[in-house]
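Structure, as structure tokens:
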Amino acid sequence: MQENMIDLYHKFVEIKEKGWVSSTHNHIQGDLFERLLEKPMENFEVPDFQGIEIKTHIDTSSSYTTLFTANPKGNSFFEIERLCKYYGYPDKVIKETNILHGDVDTIQRKYIGLFYQFRLSVNRKKKRIILYVYDRKNKVIDTLSYWDFSVLEEKLYRKLRYLAYVTVKRKYVQKQVYFKYSGICFYQLTGFEQFITLIENGGIKITFTIGAFRFGKRKGQIHNHGTAFRIQQQDIEKLFTKVNI
């Protein structure tokens, strides 16, 4: 793996030497970096480059970084659809279709929409992360949705055993966005226990991005953009150990 990291580092240096690169076709910084690597875009849940997952972050941003996506399980085979139906809120355009956009963590109840609050709970005995839904009177009304430890551990080790974390600068010139890739750090996953601990203390949250198709044959159907496990940038080194190459 050390050789693969060195190979990626040399490719990063070549990209860094390009300086400011304009984003065409609405590429965000991560997609553009992969294009500059001359790597084909893929939707498979495998590492981006020779066993190494690549994540990018804007140097002036304190936003969260997506680790991976995982839909919840539950009594329904289509659990996301059930959550949207009963606890979502109407799309602005397709008002007859409920959507679900928002962040959930273990620290406090949070409203998604006007009527329902959500919070995560880590149940180590059942080896599950459970989604609690509350009404406006703070009464628990649903605990059917969950994520099994086994599924999350498999995803974590399959995709994020090794990580390249790329720092990016961004600027706008006459409404055109430019990116400059300024730094790269390499990491190795510490372990699944650290992942669960970060969820327990709020360092990792879950973000629902469930919208609606507004055009085409699937107009009015739920458009699942993914349910993401996301980590604060300041907590990266609580989940990963830095690797010097």
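As shown in the structure tokens, the chain order sets the letters A, B, ...; within each chain, residues go from 1, and ligands are also counted from 1 in the order they appear.
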Run DSSP on the backbone and tell me which residues of stretch 1-244 of chain A come out as strand (DSSP E or B); list them as a PyMOL selection string.
chain A and resi 21-22+49+52-58+64-69+73+89-90+98-104+110-111+117-123+128-134+140-148+162-173+176-189+204-212+222-232+240-243
Would you put the residues from that selection into a file with C-alpha atoms, as a short mmCIF file (atom, residue, chain, number, x, y, z; two decimals), in the first residue's frame?
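Now in out35.cif:
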```cif
data_model
loop_
_atom_site.label_atom_id
_atom_site.label_comp_id
_atom_site.auth_asym_id
_atom_site.auth_seq_id
_atom_site.Cartn_x
_atom_site.Cartn_y
_atom_site.Cartn_z
CA VAL A 21 -8.07 24.75 -12.72
CA SER A 22 -11.48 25.86 -13.94
CA PHE A 49 -7.41 4.75 -6.40
CA ILE A 52 -7.11 4.31 -1.40
CA GLU A 53 -10.27 6.37 -0.90
CA ILE A 54 -9.87 10.03 -1.87
CA LYS A 55 -11.69 12.80 -0.01
CA THR A 56 -11.33 16.50 -0.74
CA HIS A 57 -12.10 19.52 1.44
CA ILE A 58 -12.04 23.28 0.88
CA TYR A 64 -18.42 17.65 7.21
CA THR A 65 -16.84 14.98 5.00
CA THR A 66 -18.97 12.09 3.75
CA LEU A 67 -17.50 8.70 4.66
CA PHE A 68 -20.07 6.48 2.93
CA THR A 69 -23.82 6.08 2.45
CA LYS A 73 -33.30 -1.11 7.73
CA TYR A 89 -42.49 17.07 4.39
CA PRO A 90 -43.85 18.10 0.96
CA ASN A 98 -42.79 13.93 0.77
CA ILE A 99 -39.04 14.47 0.97
CA LEU A 100 -36.52 14.23 3.81
CA HIS A 101 -33.51 16.56 3.98
CA GLY A 102 -31.63 17.05 7.23
CA ASP A 103 -28.95 16.02 9.72
CA VAL A 104 -29.39 13.68 12.67
CA LYS A 110 -33.56 17.97 15.62
CA TYR A 111 -36.55 18.98 13.55
CA GLN A 117 -37.87 15.56 15.56
CA PHE A 118 -35.13 13.00 15.02
CA ARG A 119 -32.25 11.70 17.11
CA LEU A 120 -29.81 8.78 16.90
CA SER A 121 -29.13 6.30 19.68
CA VAL A 122 -26.26 3.79 19.73
CA ASN A 123 -27.41 0.47 21.20
CA ARG A 128 -27.43 -1.15 16.14
CA ILE A 129 -27.75 2.57 15.60
CA ILE A 130 -31.43 3.33 16.08
CA LEU A 131 -33.33 6.31 14.71
CA TYR A 132 -35.75 7.84 17.22
CA VAL A 133 -38.64 9.92 15.90
CA TYR A 134 -40.48 12.33 18.23
CA VAL A 140 -41.17 8.98 21.01
CA ILE A 141 -43.45 7.71 18.24
CA ASP A 142 -41.12 5.53 16.13
CA THR A 143 -37.95 3.47 16.70
CA LEU A 144 -38.29 1.04 13.77
CA SER A 145 -35.43 2.33 11.61
CA TYR A 146 -31.87 1.21 12.33
CA TRP A 147 -28.39 0.49 10.96
CA ASP A 148 -26.67 -2.77 11.94
CA TYR A 162 -6.81 3.79 3.54
CA LEU A 163 -7.58 7.46 2.95
CA ALA A 164 -6.04 10.34 0.99
CA TYR A 165 -7.32 13.68 2.29
CA VAL A 166 -6.79 16.45 -0.25
CA THR A 167 -6.89 20.16 0.66
CA VAL A 168 -8.38 22.44 -1.99
CA LYS A 169 -8.45 26.21 -2.50
CA ARG A 170 -11.43 27.75 -4.30
CA LYS A 171 -12.08 31.08 -6.01
CA TYR A 172 -14.68 32.61 -8.31
CA VAL A 173 -13.87 34.73 -11.36
CA GLN A 176 -16.67 30.70 -12.96
CA VAL A 177 -15.32 28.52 -10.15
CA TYR A 178 -11.63 27.56 -10.01
CA PHE A 179 -9.90 25.01 -7.78
CA LYS A 180 -6.28 24.64 -6.72
CA TYR A 181 -5.16 21.39 -5.07
CA SER A 182 -2.72 22.47 -2.41
CA GLY A 183 -2.05 19.58 -0.03
CA ILE A 184 -2.50 15.87 0.58
CA CYS A 185 -2.31 13.69 3.70
CA PHE A 186 -2.51 9.90 3.89
CA TYR A 187 -4.26 7.93 6.62
CA GLN A 188 -5.02 4.39 7.72
CA LEU A 189 -8.28 3.47 9.43
CA ILE A 204 -20.20 11.64 13.07
CA LYS A 205 -23.76 12.42 12.01
CA ILE A 206 -26.20 11.00 9.48
CA THR A 207 -27.54 13.21 6.70
CA PHE A 208 -30.73 12.37 4.82
CA THR A 209 -30.90 13.69 1.23
CA ILE A 210 -34.15 12.22 -0.03
CA GLY A 211 -35.80 14.34 -2.70
CA ALA A 212 -38.38 13.87 -5.45
CA ILE A 222 -38.87 9.58 -4.31
CA HIS A 223 -35.32 10.39 -5.45
CA ASN A 224 -32.90 8.87 -2.95
CA HIS A 225 -29.62 10.79 -3.18
CA GLY A 226 -28.24 8.75 -0.29
CA THR A 227 -28.16 8.64 3.49
CA ALA A 228 -24.63 9.70 4.39
CA PHE A 229 -22.44 9.09 7.43
CA ARG A 230 -20.41 12.30 7.72
CA ILE A 231 -17.50 13.29 9.94
CA GLN A 232 -16.24 16.66 11.13
CA PHE A 240 -7.68 7.54 11.07
CA THR A 241 -3.96 7.35 11.86
CA LYS A 242 -1.69 9.53 9.75
CA VAL A 243 0.72 7.67 7.45
#
```
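Close contacts of A:Thr190, defined as residues with an atom at most 9 Å away when counting only C-alpha atoms, with chain neighbours fewer than 5 positions off set aside, comprise Arg161, Phe195, Glu237, Lys238, Leu239, Phe240 and Thr241 of chain A.
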Would you return as a compact mmCIF listing (two decimals) with N, CA and C atoms, in the first residue's frame the members of stretch 33-214 of chain A that DSSP assigns to helix (DSSP H, G or I) on this structure's backbone?
```txt
# COMPACT_ATOMS: atom_id res chain seq x y z
N PHE A 33 -11.02 16.54 -9.29
CA PHE A 33 -9.74 15.91 -8.96
C PHE A 33 -9.65 14.52 -9.60
N GLU A 34 -10.73 13.75 -9.55
CA GLU A 34 -10.72 12.42 -10.15
C GLU A 34 -10.58 12.52 -11.67
N ARG A 35 -11.18 13.54 -12.27
CA ARG A 35 -11.03 13.73 -13.71
C ARG A 35 -9.57 14.06 -14.05
N LEU A 36 -8.95 14.89 -13.23
CA LEU A 36 -7.54 15.23 -13.45
C LEU A 36 -6.62 14.03 -13.26
N GLU A 79 -37.50 1.09 3.57
CA GLU A 79 -37.58 1.86 4.82
C GLU A 79 -37.49 3.36 4.59
N ILE A 80 -36.68 3.79 3.64
CA ILE A 80 -36.58 5.23 3.33
C ILE A 80 -37.93 5.76 2.88
N GLU A 81 -38.62 5.01 2.02
CA GLU A 81 -39.93 5.44 1.55
C GLU A 81 -40.91 5.55 2.71
N ARG A 82 -40.82 4.62 3.65
CA ARG A 82 -41.72 4.67 4.81
C ARG A 82 -41.45 5.92 5.65
N LEU A 83 -40.18 6.22 5.89
CA LEU A 83 -39.84 7.41 6.67
C LEU A 83 -40.34 8.69 5.98
N CYS A 84 -40.15 8.75 4.66
CA CYS A 84 -40.63 9.93 3.93
C CYS A 84 -42.15 10.04 4.01
N LYS A 85 -42.83 8.94 3.83
CA LYS A 85 -44.30 8.95 3.81
C LYS A 85 -44.88 9.46 5.12
N TYR A 86 -44.33 8.97 6.24
CA TYR A 86 -44.94 9.30 7.54
C TYR A 86 -44.31 10.50 8.23
N TYR A 87 -43.03 10.77 7.97
CA TYR A 87 -42.34 11.80 8.75
C TYR A 87 -41.64 12.86 7.90
N PHE A 149 -24.53 -2.72 13.09
CA PHE A 149 -23.09 -2.55 13.18
C PHE A 149 -22.38 -3.33 12.07
N SER A 150 -22.83 -4.56 11.81
CA SER A 150 -22.13 -5.43 10.87
C SER A 150 -22.08 -4.82 9.47
N VAL A 151 -23.18 -4.21 9.05
CA VAL A 151 -23.24 -3.58 7.72
C VAL A 151 -22.30 -2.38 7.66
N LEU A 152 -22.33 -1.55 8.71
CA LEU A 152 -21.49 -0.36 8.74
C LEU A 152 -20.01 -0.71 8.79
N GLU A 153 -19.67 -1.73 9.56
CA GLU A 153 -18.27 -2.15 9.66
C GLU A 153 -17.76 -2.66 8.31
N GLU A 154 -18.59 -3.43 7.62
CA GLU A 154 -18.19 -3.94 6.31
C GLU A 154 -17.94 -2.81 5.33
N LYS A 155 -18.83 -1.83 5.31
CA LYS A 155 -18.68 -0.68 4.42
C LYS A 155 -17.42 0.12 4.76
N LEU A 156 -17.21 0.33 6.04
CA LEU A 156 -16.07 1.13 6.49
C LEU A 156 -14.75 0.50 6.06
N TYR A 157 -14.61 -0.82 6.29
CA TYR A 157 -13.35 -1.47 5.96
C TYR A 157 -13.19 -1.68 4.46
N ARG A 158 -14.29 -1.86 3.75
CA ARG A 158 -14.18 -2.06 2.30
C ARG A 158 -13.76 -0.79 1.59
N LYS A 159 -14.28 0.36 2.03
CA LYS A 159 -14.07 1.61 1.30
C LYS A 159 -13.01 2.50 1.91
N LEU A 160 -12.78 2.42 3.23
CA LEU A 160 -11.99 3.45 3.90
C LEU A 160 -10.84 2.90 4.73
N PHE A 192 -13.19 0.12 13.92
CA PHE A 192 -14.63 0.33 13.97
C PHE A 192 -15.08 0.88 15.33
N GLU A 193 -14.39 0.53 16.39
CA GLU A 193 -14.75 1.04 17.71
C GLU A 193 -14.67 2.57 17.74
N GLN A 194 -13.66 3.13 17.11
CA GLN A 194 -13.52 4.58 17.05
C GLN A 194 -14.67 5.20 16.26
N PHE A 195 -15.11 4.51 15.22
CA PHE A 195 -16.24 4.98 14.42
C PHE A 195 -17.50 5.07 15.27
N ILE A 196 -17.79 4.03 16.03
CA ILE A 196 -18.99 4.02 16.88
C ILE A 196 -18.88 5.08 17.98
N THR A 197 -17.70 5.23 18.55
CA THR A 197 -17.50 6.23 19.59
C THR A 197 -17.74 7.64 19.05
N LEU A 198 -17.31 7.90 17.83
CA LEU A 198 -17.53 9.21 17.22
C LEU A 198 -19.02 9.46 16.98
N ILE A 199 -19.77 8.44 16.63
CA ILE A 199 -21.22 8.61 16.51
C ILE A 199 -21.82 8.93 17.87
N GLU A 200 -21.37 8.24 18.89
CA GLU A 200 -21.89 8.46 20.24
C GLU A 200 -21.64 9.89 20.72
```
Rank A:Asn244, A:Gln221, A:Gln108, A:Thr24 by their smallest atom-to-atom distance to A:Gln2, using only C-alpha atoms, and report the top residue only.
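Of A:Asn244, A:Gln221, A:Gln108, A:Thr24, the one nearest A:Gln2 is A:Asn244, counting only C-alpha atoms.
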Would you mind telling me which residue in A:Arg218, A:Arg109, A:Lys92, A:Lys11 lies nearest to A:Asn138 when using only C-alpha atoms?
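For A:Asn138, the nearest of the candidates is A:Arg109.
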Distance atom CA of A:Ser62-atom CA of A:Ile15, one decimal place?
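Atom CA of A:Ile15 lies 23.7 Å from atom CA of A:Ser62.
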